Each structure stands twice: as structure tokens, then as C-alpha cells.
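These notes are about the structure you will find just below.
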Amino acid sequence: IDLAASRKRRSRWGDTSTEIPGLPTAISATGVSQAQLDNYAIHLRLEEINRKLRLNDFVPPERERSPSPPPTYDGQGRRVNTREVRYRKKLEDERIRLVDRAMKTDPNFRPPVEYHQQKRSQRPSQ
Amino acid sequence: PEIPRPIMPAGDNSSSDARILLMLNMVTPEDLTNDDEFGDLYEDVKEECENFGIVEDLRIPRPVKKDKSKWAPGDGGQMAAQDAVRIDEAAGVGRVYVKYADAASAGRALKGLAGRSFAGRSIIATILSEDSQTTPPLH
């Protein structure tokens, strides 16, 4: 395989670090199990997702984006899969997966209100 | 049942000889499935980690290969999907381990990388001692 300069590598690293109050990112592992660490990571990610959605800060900078899919339109000719819609959906789907996982592994976990709202809207009762 | 200890901010690690950096909330199974993308990501992580000292081992556990034939609709497919998720979780998919040549490098990396954004996710970092039961085991 040719790993030479031909392939342009995109860096995923960002410069900014934003701390969520009360959720440190440099943490101590003393006396903490791996499962607890993983649960903490889920918890922090959920806060991070909620914050991004609240602040409408969910479209990544260009270098972190993947190629856009072909546009799709609704009956009125409005584009349905805009960048905003796609990335918002991505985070909402991730939130559902994280909550599902946390409910299985963390007995102290309480799902956020948005979770129930979203579950209801995504899976209408039959 | 035992009350788990709360997660505490990292204290002063300067007197410790622990040299394994564990990073969480950094990669997802989807990032690790494709071979090309994985190679790319691995190099991206390695380069940045080497800024803090000599890296002896870097592990980014990958999800199990999804066998398409087992993913037929029906009970068999469902079971396979659940099994795959369980296997991935047990294998530590989603974690990134970096073993430095010395504790000072690991300490610098902790300070430098915790809270940094990686593909839009804030990295959680902690230092593990050599006798920690890591999945996968490090060399």
C-alpha cells in the first residue's frame, strides 16, 4: 500500500478545549473500575451532545466533515437532508444509543427528558 | 451493595511511576470499522501523542468484523448484532491506550490532551499504572 503523500490526511484534532462545569476531563482512576470510567464517558458525552444541540453547534468544521450525500427533497421541493438536519439527526441518534447503553450498564442512570420526547417522536405508537 | 467512588479530577501525578494514558470519548466503533479510515486515525493519534514523549505502545481496539451472512433479518441476525455489541464492549472498543516510556511523558500527555477536541468529542483522560487490568493487555 502506498502511504506516501498522495493520500491527504485530515486531522481530527481541535485546538479548543471546553470543560463542562462539574465534569472534569482529566480524571483520577484510583479506585475506579473500567465500567465506571466507561459510564462516566457516556455521561459526559450526553452532556456534550445536549450542549451542542442547545447551542446549535453541531455542524463540524469543514475539515472534519464527510462528503455530503446527494440532496433529497420533500413534496414542496424543499431540501430535506441539509447539513444542519443531517448532523442534528446524527447527534440525536447517538444520544439514543448512549442512553440505551447507560440504562443497561449503570444502575444509577436516569435518562434525560429529551430521550423520551425523541423516542416518542421517532417511534410513533401503532 | 458497594457504593462506587465518585469520579474525581486528576490530582498531582508527579510522584507516580504510572505511564499508561487511557483516553475515553475519543473514538466510536463507526470510526474504526473501515481499514483505511482506521489507519488514518491511528496515525493521527500517534503523531499527536508522540509530542509528549516516547510512545512504547498504542492500542485502539477495533470492533469485530460484521459478518454479512449472519445479519439476515430474523432472530439469528438480531442475536448476532447484540453479540457483536457485547464483544466490542468487552474488547474495550472506544478506548485508546498509550503506554509511554516514562511517567513524566504520560503526565504531560494527560495535561495536554484531556479536554482537547477530537473529531468533535472532548477527550477524557486518566493515568493507569502498569498493573491495571487493561483490555487489551499492553506490551
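All residue names refer to the C-alpha cells as shown: chains lettered A, B, ... in order, residues numbered from 1 in each chain, ligands numbered from 1 in order.
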
Would you kindly report the residues of chain A within 6 Å of chain B, using only C-alpha atoms, as a list in words? Arg12, Trp13, Gly14, Ser17, Pro24, Thr25, Ala26, Ile27, Ser28 and Ala41 of chain A

Grab the residues selected above and save them as an mmCIF file, in the first residue's frame with N, CA and C atoms.
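again.cif written:
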data_model
loop_
_atom_site.group_PDB
_atom_site.id
_atom_site.type_symbol
_atom_site.label_atom_id
_atom_site.label_comp_id
_atom_site.auth_asym_id
_atom_site.auth_seq_id
_atom_site.Cartn_x
_atom_site.Cartn_y
_atom_site.Cartn_z
ATOM 1 N N ARG A 12 -8.063 15.201 12.982
ATOM 2 C CA ARG A 12 -9.294 15.277 13.753
ATOM 3 C C ARG A 12 -9.119 16.112 15.014
ATOM 4 N N TRP A 13 -7.894 16.541 15.243
ATOM 5 C CA TRP A 13 -7.615 17.274 16.478
ATOM 6 C C TRP A 13 -8.095 18.717 16.402
ATOM 7 N N GLY A 14 -8.742 19.152 17.461
ATOM 8 C CA GLY A 14 -9.131 20.553 17.565
ATOM 9 C C GLY A 14 -8.260 21.245 18.595
ATOM 10 N N SER A 17 -10.318 23.546 23.997
ATOM 11 C CA SER A 17 -10.825 22.588 24.969
ATOM 12 C C SER A 17 -11.879 23.285 25.807
ATOM 13 N N PRO A 24 -15.045 16.963 35.030
ATOM 14 C CA PRO A 24 -13.640 17.106 34.645
ATOM 15 C C PRO A 24 -13.244 16.125 33.547
ATOM 16 N N THR A 25 -12.277 16.514 32.704
ATOM 17 C CA THR A 25 -11.805 15.614 31.652
ATOM 18 C C THR A 25 -10.494 14.935 32.036
ATOM 19 N N ALA A 26 -9.692 15.586 32.872
ATOM 20 C CA ALA A 26 -8.504 14.908 33.408
ATOM 21 C C ALA A 26 -8.913 14.324 34.752
ATOM 22 N N ILE A 27 -9.046 13.008 34.789
ATOM 23 C CA ILE A 27 -9.635 12.405 35.991
ATOM 24 C C ILE A 27 -8.691 11.387 36.618
ATOM 25 N N SER A 28 -8.986 11.060 37.867
ATOM 26 C CA SER A 28 -8.192 10.079 38.595
ATOM 27 C C SER A 28 -8.837 8.711 38.444
ATOM 28 N N ALA A 41 -17.797 8.303 30.788
ATOM 29 C CA ALA A 41 -17.607 8.799 29.421
ATOM 30 C C ALA A 41 -18.961 8.970 28.720
#

Just list the residues in region 74-114 of chain A DSSP gives helix (DSSP H, G or I) on the backbone, as a ChimeraX atom specification. /A:83-105,113-114

Please provide the set of residues having any atom within 10 Å of Ser68 (chain A), restricted to only C-alpha atoms, with same-chain residues fewer than 4 positions apart removed, written as JSON, numbers by chain. {"A": [81, 82, 83, 86]}

If you keep N, CA, C and O atoms, can you produce a file of those selected residues as a PDB file, in the first residue's frame?
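The resulting file, again.pdb, is reproduced below:
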ATOM      1  N   ASN A  81     -32.455  16.907   3.390  1.00  0.00           N
ATOM      2  CA  ASN A  81     -31.233  16.472   4.083  1.00  0.00           C
ATOM      3  C   ASN A  81     -30.144  17.551   4.072  1.00  0.00           C
ATOM      4  O   ASN A  81     -29.047  17.325   3.604  1.00  0.00           O
ATOM      5  N   THR A  82     -30.473  18.712   4.568  1.00  0.00           N
ATOM      6  CA  THR A  82     -29.448  19.756   4.665  1.00  0.00           C
ATOM      7  C   THR A  82     -28.398  19.323   5.665  1.00  0.00           C
ATOM      8  O   THR A  82     -28.614  18.418   6.476  1.00  0.00           O
ATOM      9  N   ARG A  83     -27.263  19.976   5.608  1.00  0.00           N
ATOM     10  CA  ARG A  83     -26.176  19.682   6.535  1.00  0.00           C
ATOM     11  C   ARG A  83     -26.670  19.765   7.981  1.00  0.00           C
ATOM     12  O   ARG A  83     -26.397  18.897   8.801  1.00  0.00           O
ATOM     13  N   ARG A  86     -28.831  16.786   8.836  1.00  0.00           N
ATOM     14  CA  ARG A  86     -28.078  15.536   8.927  1.00  0.00           C
ATOM     15  C   ARG A  86     -27.266  15.446  10.214  1.00  0.00           C
ATOM     16  O   ARG A  86     -27.265  14.427  10.905  1.00  0.00           O
TER      17      ARG A  86
END

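Separating CA of Val80 (chain A) from CA of Leu53 (chain A) is a distance of 18.5 Å.
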